[in-house]
$ cat data01.txt   # compact mmCIF, N, CA and C atoms and all ligand atoms
# COMPACT_ATOMS: atom_id res chain seq x y z
N MET B 1 21.32 15.32 34.21
CA MET B 1 22.08 15.42 32.98
C MET B 1 21.54 14.41 31.98
N LYS B 2 21.43 14.84 30.77
CA LYS B 2 20.97 13.94 29.70
C LYS B 2 22.13 13.57 28.80
N LYS B 3 22.25 12.32 28.57
CA LYS B 3 23.26 11.85 27.64
C LYS B 3 22.64 11.81 26.25
N THR B 4 23.29 12.35 25.26
CA THR B 4 22.74 12.38 23.90
C THR B 4 23.67 11.70 22.92
N THR B 5 23.08 11.32 21.82
CA THR B 5 23.87 10.75 20.74
C THR B 5 23.24 11.17 19.42
N ASN B 6 24.00 11.22 18.41
CA ASN B 6 23.51 11.54 17.07
C ASN B 6 23.11 10.25 16.38
N GLN B 7 21.85 10.17 15.92
CA GLN B 7 21.41 8.98 15.20
C GLN B 7 20.72 9.40 13.92
N SER B 8 20.96 8.65 12.88
CA SER B 8 20.22 8.93 11.65
C SER B 8 18.97 8.06 11.63
N VAL B 9 17.86 8.63 11.20
CA VAL B 9 16.57 7.93 11.18
C VAL B 9 16.01 8.00 9.77
N ASN B 10 15.54 6.87 9.27
CA ASN B 10 14.88 6.88 7.96
C ASN B 10 13.48 7.46 8.11
N VAL B 11 13.17 8.42 7.26
CA VAL B 11 11.88 9.09 7.29
C VAL B 11 11.20 8.90 5.94
N ILE B 12 9.94 8.47 5.97
CA ILE B 12 9.17 8.33 4.73
C ILE B 12 8.68 9.71 4.32
N THR B 13 9.03 10.15 3.12
CA THR B 13 8.64 11.48 2.65
C THR B 13 7.56 11.41 1.57
N ASP B 14 7.34 10.25 0.97
CA ASP B 14 6.27 10.08 -0.01
C ASP B 14 6.05 8.59 -0.22
N ILE B 15 4.88 8.25 -0.71
CA ILE B 15 4.53 6.87 -1.00
C ILE B 15 3.91 6.85 -2.38
N TYR B 16 4.40 5.97 -3.25
CA TYR B 16 3.93 5.93 -4.63
C TYR B 16 3.13 4.67 -4.91
N CYS B 17 2.13 4.84 -5.78
CA CYS B 17 1.30 3.71 -6.20
C CYS B 17 2.15 2.75 -7.05
N ASP B 18 2.10 1.47 -6.72
CA ASP B 18 2.88 0.48 -7.46
C ASP B 18 2.27 0.17 -8.82
N ALA B 19 1.04 0.61 -9.07
CA ALA B 19 0.40 0.34 -10.36
C ALA B 19 0.58 1.48 -11.35
N CYS B 20 0.45 2.74 -10.90
CA CYS B 20 0.51 3.87 -11.86
C CYS B 20 1.64 4.86 -11.56
N GLY B 21 2.26 4.76 -10.41
CA GLY B 21 3.39 5.62 -10.08
C GLY B 21 3.02 6.94 -9.44
N ALA B 22 1.73 7.23 -9.31
CA ALA B 22 1.31 8.49 -8.68
C ALA B 22 1.50 8.42 -7.16
N SER B 23 1.66 9.58 -6.55
CA SER B 23 1.75 9.62 -5.10
C SER B 23 0.39 9.26 -4.51
N VAL B 24 0.40 8.49 -3.43
CA VAL B 24 -0.86 8.15 -2.75
C VAL B 24 -1.15 9.13 -1.62
N VAL B 25 -0.24 10.09 -1.42
CA VAL B 25 -0.35 11.02 -0.29
C VAL B 25 -0.88 12.37 -0.79
N PRO B 26 -1.99 12.84 -0.24
CA PRO B 26 -2.47 14.17 -0.62
C PRO B 26 -1.43 15.25 -0.32
N GLN B 27 -1.37 16.26 -1.18
CA GLN B 27 -0.38 17.33 -1.02
C GLN B 27 -0.47 17.96 0.37
N PHE B 28 -1.68 18.12 0.90
CA PHE B 28 -1.87 18.72 2.22
C PHE B 28 -1.11 17.92 3.28
N GLN B 29 -1.18 16.60 3.19
CA GLN B 29 -0.48 15.75 4.17
C GLN B 29 1.03 15.92 4.06
N LYS B 30 1.52 16.03 2.82
CA LYS B 30 2.97 16.18 2.64
C LYS B 30 3.47 17.51 3.20
N GLU B 31 2.63 18.54 3.07
CA GLU B 31 3.04 19.87 3.53
C GLU B 31 2.95 20.03 5.04
N HIS B 32 2.10 19.24 5.69
CA HIS B 32 1.86 19.44 7.12
C HIS B 32 2.38 18.33 8.02
N ASN B 33 3.07 17.36 7.47
CA ASN B 33 3.65 16.30 8.30
C ASN B 33 5.16 16.24 8.07
N GLU B 34 5.91 16.15 9.17
CA GLU B 34 7.37 16.07 9.05
C GLU B 34 7.78 14.76 8.39
N ASN B 35 7.00 13.72 8.64
CA ASN B 35 7.28 12.45 7.99
C ASN B 35 5.96 11.71 7.80
N LEU B 36 5.98 10.72 6.97
CA LEU B 36 4.77 9.95 6.67
C LEU B 36 4.87 8.52 7.20
N ASN B 37 5.70 8.33 8.22
CA ASN B 37 5.92 6.98 8.75
C ASN B 37 4.62 6.35 9.25
N ASP B 38 3.68 7.15 9.74
CA ASP B 38 2.42 6.60 10.25
C ASP B 38 1.26 6.77 9.28
N PHE B 39 1.53 7.28 8.07
CA PHE B 39 0.46 7.48 7.09
C PHE B 39 -0.01 6.13 6.56
N ASN B 40 -1.31 5.86 6.66
CA ASN B 40 -1.82 4.57 6.22
C ASN B 40 -3.16 4.69 5.50
N GLU B 41 -3.39 5.85 4.87
CA GLU B 41 -4.68 6.08 4.20
C GLU B 41 -4.56 5.80 2.71
N PHE B 42 -4.22 4.58 2.37
CA PHE B 42 -4.12 4.18 0.98
C PHE B 42 -4.35 2.67 0.89
N GLY B 43 -4.59 2.21 -0.33
CA GLY B 43 -4.88 0.79 -0.52
C GLY B 43 -3.61 -0.04 -0.51
N VAL B 44 -3.74 -1.26 -0.01
CA VAL B 44 -2.62 -2.20 0.02
C VAL B 44 -3.14 -3.56 -0.42
N LEU B 45 -2.41 -4.17 -1.32
CA LEU B 45 -2.71 -5.56 -1.71
C LEU B 45 -1.52 -6.38 -1.26
N HIS B 46 -1.79 -7.34 -0.40
CA HIS B 46 -0.71 -8.13 0.18
C HIS B 46 -1.09 -9.60 0.15
N ALA B 47 -0.14 -10.42 -0.20
CA ALA B 47 -0.37 -11.87 -0.18
C ALA B 47 0.93 -12.59 0.13
N SER B 48 0.84 -13.61 0.94
CA SER B 48 1.97 -14.50 1.23
C SER B 48 1.48 -15.93 1.08
N TYR B 49 2.23 -16.72 0.36
CA TYR B 49 1.84 -18.11 0.14
C TYR B 49 2.88 -19.03 0.75
N GLY B 50 2.40 -20.08 1.38
CA GLY B 50 3.29 -21.04 2.01
C GLY B 50 3.98 -21.93 0.99
N TYR B 51 4.99 -22.62 1.49
CA TYR B 51 5.70 -23.56 0.64
C TYR B 51 4.77 -24.72 0.31
N CYS B 52 4.96 -25.28 -0.85
CA CYS B 52 4.16 -26.37 -1.40
C CYS B 52 2.79 -25.90 -1.90
N SER B 53 2.50 -24.61 -1.84
CA SER B 53 1.29 -24.10 -2.48
C SER B 53 1.63 -23.84 -3.95
N ASN B 54 0.64 -23.47 -4.74
CA ASN B 54 0.91 -23.19 -6.15
C ASN B 54 1.89 -22.03 -6.33
N GLN B 55 1.87 -21.06 -5.41
CA GLN B 55 2.79 -19.91 -5.48
C GLN B 55 4.10 -20.20 -4.75
N ASP B 56 4.16 -21.27 -3.99
CA ASP B 56 5.36 -21.81 -3.35
C ASP B 56 6.26 -20.76 -2.68
N GLY B 57 5.73 -20.15 -1.64
CA GLY B 57 6.56 -19.24 -0.84
C GLY B 57 6.64 -17.83 -1.37
N ASP B 58 5.93 -17.53 -2.44
CA ASP B 58 5.97 -16.17 -2.98
C ASP B 58 5.25 -15.20 -2.04
N SER B 59 5.70 -13.95 -2.06
CA SER B 59 5.07 -12.91 -1.27
C SER B 59 4.89 -11.68 -2.16
N PHE B 60 3.75 -11.04 -2.04
CA PHE B 60 3.46 -9.86 -2.86
C PHE B 60 2.99 -8.72 -1.97
N HIS B 61 3.41 -7.50 -2.29
CA HIS B 61 2.95 -6.32 -1.56
C HIS B 61 2.88 -5.16 -2.55
N PHE B 62 1.69 -4.59 -2.71
CA PHE B 62 1.51 -3.46 -3.60
C PHE B 62 0.81 -2.34 -2.85
N ASP B 63 1.38 -1.13 -2.88
CA ASP B 63 0.71 0.06 -2.39
C ASP B 63 -0.06 0.64 -3.56
N LEU B 64 -1.31 1.06 -3.31
CA LEU B 64 -2.16 1.49 -4.41
C LEU B 64 -2.83 2.82 -4.11
N CYS B 65 -2.89 3.70 -5.13
CA CYS B 65 -3.62 4.96 -5.00
C CYS B 65 -5.12 4.67 -5.02
N GLU B 66 -5.90 5.67 -4.69
CA GLU B 66 -7.35 5.48 -4.61
C GLU B 66 -7.94 5.03 -5.95
N THR B 67 -7.46 5.63 -7.05
CA THR B 67 -7.99 5.30 -8.38
C THR B 67 -7.69 3.85 -8.74
N CYS B 68 -6.45 3.42 -8.54
CA CYS B 68 -6.08 2.04 -8.89
C CYS B 68 -6.76 1.04 -7.96
N PHE B 69 -6.92 1.41 -6.69
CA PHE B 69 -7.62 0.51 -5.77
C PHE B 69 -9.07 0.34 -6.19
N LYS B 70 -9.70 1.44 -6.65
CA LYS B 70 -11.08 1.37 -7.12
C LYS B 70 -11.17 0.45 -8.34
N GLU B 71 -10.19 0.53 -9.25
CA GLU B 71 -10.19 -0.36 -10.41
C GLU B 71 -10.05 -1.81 -9.98
N LEU B 72 -9.22 -2.06 -8.97
CA LEU B 72 -9.07 -3.42 -8.45
C LEU B 72 -10.38 -3.91 -7.85
N LEU B 73 -11.06 -3.05 -7.10
CA LEU B 73 -12.36 -3.42 -6.53
C LEU B 73 -13.36 -3.76 -7.63
N ASP B 74 -13.38 -2.95 -8.70
CA ASP B 74 -14.28 -3.23 -9.81
C ASP B 74 -13.96 -4.58 -10.44
N ARG B 75 -12.69 -4.90 -10.54
CA ARG B 75 -12.27 -6.18 -11.11
C ARG B 75 -12.73 -7.34 -10.22
N ILE B 76 -12.61 -7.16 -8.90
CA ILE B 76 -13.06 -8.19 -7.96
C ILE B 76 -14.57 -8.36 -8.06
N LYS B 77 -15.29 -7.25 -8.19
CA LYS B 77 -16.75 -7.34 -8.35
C LYS B 77 -17.09 -8.10 -9.62
N SER B 78 -16.36 -7.85 -10.71
CA SER B 78 -16.59 -8.57 -11.96
C SER B 78 -16.32 -10.06 -11.79
N LEU B 79 -15.26 -10.40 -11.07
CA LEU B 79 -14.93 -11.81 -10.83
C LEU B 79 -16.03 -12.47 -10.00
N ARG B 80 -16.54 -11.74 -8.99
CA ARG B 80 -17.62 -12.28 -8.15
C ARG B 80 -18.85 -12.56 -9.01
N THR B 81 -19.16 -11.63 -9.92
CA THR B 81 -20.30 -11.82 -10.81
C THR B 81 -20.05 -13.02 -11.71
N PHE B 82 -18.84 -13.10 -12.27
CA PHE B 82 -18.48 -14.21 -13.14
C PHE B 82 -18.65 -15.56 -12.44
N HIS B 83 -18.30 -15.59 -11.15
CA HIS B 83 -18.38 -16.85 -10.39
C HIS B 83 -19.74 -17.04 -9.71
N GLY B 84 -20.69 -16.16 -10.03
CA GLY B 84 -22.04 -16.33 -9.50
C GLY B 84 -22.24 -15.87 -8.08
N LEU B 85 -21.33 -15.05 -7.58
CA LEU B 85 -21.48 -14.52 -6.21
C LEU B 85 -22.11 -13.15 -6.30
N ASN B 86 -22.99 -12.85 -5.39
CA ASN B 86 -23.65 -11.54 -5.38
C ASN B 86 -22.97 -10.62 -4.38
N SER B 87 -23.01 -9.34 -4.66
CA SER B 87 -22.49 -8.22 -3.85
C SER B 87 -21.06 -8.33 -3.42
ZN ZN E 1 -2.41 4.25 -8.97
$ encode --input "data01.txt" --output "structure tokens" --more "lines below"
Ligand SMILES: [Zn+2]
Amino acid sequence: MKKTTNQSVNVITDIYCDACGASVVPQFQKEHNENLNDFNEFGVLHASYGYCSNQDGDSFHFDLCETCFKELLDRIKSLRTFHGLNS
């Protein structure tokens, strides 16, 4: 005999870019997956700073679409060039 219970579960149905608001999930994935809880094919910018640092305990997390992530990469490449770092 199996004992059952009714439980509500949070299901991720879409993920939006924190920079432009577009969905980061291809339509095909949305149509063929019951939930997107394990979907991880998108850019993420994450930072946590300790206390007494300049950011003093701040934490940042941004989900990014492919286009915005590419723009961020271009910006990092520009910064590397500005600071004299190659590639
Ligand atoms: Zn975006």
$ closest_residue --input "data01.txt" --among "B:Asn86, B:Ser59, B:Ser23, B:Ser78" --to "ligand ZN 1 (chain E)" --atoms "only N, CA and C atoms and all ligand atoms"
B:Ser23
$ atom_distance --input "data01.txt" --atom1 "CA of Phe69 in chain B" --atom2 "atom C of Phe39 in chain B"
15.5 Å
$ residues_near_ligand --input "data01.txt" --ligand "ligand ZN 1 (chain E)" --cutoff "12 Å" --atoms "only C-alpha atoms and all ligand atoms" --output "JSON, numbers by chain"
{"B": [15, 16, 17, 18, 19, 20, 21, 22, 23, 24, 25, 42, 43, 44, 62, 63, 64, 65, 66, 67, 68, 69, 70, 71, 72]}
$ select_by_dssp --input "data01.txt" --residues "range 15-72 of chain B" --states "strand (DSSP E or B)" --output "PyMOL selection string"
chain B and resi 16+23+43-48+59-64
$ select_by_dssp --input "data01.txt" --residues "chain B" --states "helix (DSSP H, G or I)" --output "PDB file with N, CA and C atoms, in the coordinates of the input"
ATOM      1  N   GLN B  27      -1.370  16.260  -1.180  1.00  0.00           N
ATOM      2  CA  GLN B  27      -0.380  17.330  -1.020  1.00  0.00           C
ATOM      3  C   GLN B  27      -0.470  17.960   0.370  1.00  0.00           C
ATOM      4  N   PHE B  28      -1.680  18.120   0.900  1.00  0.00           N
ATOM      5  CA  PHE B  28      -1.870  18.720   2.220  1.00  0.00           C
ATOM      6  C   PHE B  28      -1.110  17.920   3.280  1.00  0.00           C
ATOM      7  N   GLN B  29      -1.180  16.600   3.190  1.00  0.00           N
ATOM      8  CA  GLN B  29      -0.480  15.750   4.170  1.00  0.00           C
ATOM      9  C   GLN B  29       1.030  15.920   4.060  1.00  0.00           C
ATOM     10  N   LYS B  30       1.520  16.030   2.820  1.00  0.00           N
ATOM     11  CA  LYS B  30       2.970  16.180   2.640  1.00  0.00           C
ATOM     12  C   LYS B  30       3.470  17.510   3.200  1.00  0.00           C
ATOM     13  N   GLU B  31       2.630  18.540   3.070  1.00  0.00           N
ATOM     14  CA  GLU B  31       3.040  19.870   3.530  1.00  0.00           C
ATOM     15  C   GLU B  31       2.950  20.030   5.040  1.00  0.00           C
ATOM     16  N   HIS B  32       2.100  19.240   5.690  1.00  0.00           N
ATOM     17  CA  HIS B  32       1.860  19.440   7.120  1.00  0.00           C
ATOM     18  C   HIS B  32       2.380  18.330   8.020  1.00  0.00           C
ATOM     19  N   GLU B  66      -5.900   5.670  -4.690  1.00  0.00           N
ATOM     20  CA  GLU B  66      -7.350   5.480  -4.610  1.00  0.00           C
ATOM     21  C   GLU B  66      -7.940   5.030  -5.950  1.00  0.00           C
ATOM     22  N   THR B  67      -7.460   5.630  -7.050  1.00  0.00           N
ATOM     23  CA  THR B  67      -7.990   5.300  -8.380  1.00  0.00           C
ATOM     24  C   THR B  67      -7.690   3.850  -8.740  1.00  0.00           C
ATOM     25  N   CYS B  68      -6.450   3.420  -8.540  1.00  0.00           N
ATOM     26  CA  CYS B  68      -6.080   2.040  -8.890  1.00  0.00           C
ATOM     27  C   CYS B  68      -6.760   1.040  -7.960  1.00  0.00           C
ATOM     28  N   PHE B  69      -6.920   1.410  -6.690  1.00  0.00           N
ATOM     29  CA  PHE B  69      -7.620   0.510  -5.770  1.00  0.00           C
ATOM     30  C   PHE B  69      -9.070   0.340  -6.190  1.00  0.00           C
ATOM     31  N   LYS B  70      -9.700   1.440  -6.650  1.00  0.00           N
ATOM     32  CA  LYS B  70     -11.080   1.370  -7.120  1.00  0.00           C
ATOM     33  C   LYS B  70     -11.170   0.450  -8.340  1.00  0.00           C
ATOM     34  N   GLU B  71     -10.190   0.530  -9.250  1.00  0.00           N
ATOM     35  CA  GLU B  71     -10.190  -0.360 -10.410  1.00  0.00           C
ATOM     36  C   GLU B  71     -10.050  -1.810  -9.980  1.00  0.00           C
ATOM     37  N   LEU B  72      -9.220  -2.060  -8.970  1.00  0.00           N
ATOM     38  CA  LEU B  72      -9.070  -3.420  -8.450  1.00  0.00           C
ATOM     39  C   LEU B  72     -10.380  -3.910  -7.850  1.00  0.00           C
ATOM     40  N   LEU B  73     -11.060  -3.050  -7.100  1.00  0.00           N
ATOM     41  CA  LEU B  73     -12.360  -3.420  -6.530  1.00  0.00           C
ATOM     42  C   LEU B  73     -13.360  -3.760  -7.630  1.00  0.00           C
ATOM     43  N   ASP B  74     -13.380  -2.950  -8.700  1.00  0.00           N
ATOM     44  CA  ASP B  74     -14.280  -3.230  -9.810  1.00  0.00           C
ATOM     45  C   ASP B  74     -13.960  -4.580 -10.440  1.00  0.00           C
ATOM     46  N   ARG B  75     -12.690  -4.900 -10.540  1.00  0.00           N
ATOM     47  CA  ARG B  75     -12.270  -6.180 -11.110  1.00  0.00           C
ATOM     48  C   ARG B  75     -12.730  -7.340 -10.220  1.00  0.00           C
ATOM     49  N   ILE B  76     -12.610  -7.160  -8.900  1.00  0.00           N
ATOM     50  CA  ILE B  76     -13.060  -8.190  -7.960  1.00  0.00           C
ATOM     51  C   ILE B  76     -14.570  -8.360  -8.060  1.00  0.00           C
ATOM     52  N   LYS B  77     -15.290  -7.250  -8.190  1.00  0.00           N
ATOM     53  CA  LYS B  77     -16.750  -7.340  -8.350  1.00  0.00           C
ATOM     54  C   LYS B  77     -17.090  -8.100  -9.620  1.00  0.00           C
ATOM     55  N   SER B  78     -16.360  -7.850 -10.710  1.00  0.00           N
ATOM     56  CA  SER B  78     -16.590  -8.570 -11.960  1.00  0.00           C
ATOM     57  C   SER B  78     -16.320 -10.060 -11.790  1.00  0.00           C
ATOM     58  N   LEU B  79     -15.260 -10.400 -11.070  1.00  0.00           N
ATOM     59  CA  LEU B  79     -14.930 -11.810 -10.830  1.00  0.00           C
ATOM     60  C   LEU B  79     -16.030 -12.470 -10.000  1.00  0.00           C
ATOM     61  N   ARG B  80     -16.540 -11.740  -8.990  1.00  0.00           N
ATOM     62  CA  ARG B  80     -17.620 -12.280  -8.150  1.00  0.00           C
ATOM     63  C   ARG B  80     -18.850 -12.560  -9.010  1.00  0.00           C
ATOM     64  N   THR B  81     -19.160 -11.630  -9.920  1.00  0.00           N
ATOM     65  CA  THR B  81     -20.300 -11.820 -10.810  1.00  0.00           C
ATOM     66  C   THR B  81     -20.050 -13.020 -11.710  1.00  0.00           C
ATOM     67  N   PHE B  82     -18.840 -13.100 -12.270  1.00  0.00           N
ATOM     68  CA  PHE B  82     -18.480 -14.210 -13.140  1.00  0.00           C
ATOM     69  C   PHE B  82     -18.650 -15.560 -12.440  1.00  0.00           C
TER      70      PHE B  82
END
$ atom_distance --input "data01.txt" --atom1 "atom N of Asp56 in chain B" --atom2 "CA of Lys77 in chain B"
25.5 Å
$ atom_distance --input "data01.txt" --atom1 "CA of Val9 in chain B" --atom2 "CA of Pro26 in chain B"
23.3 Å
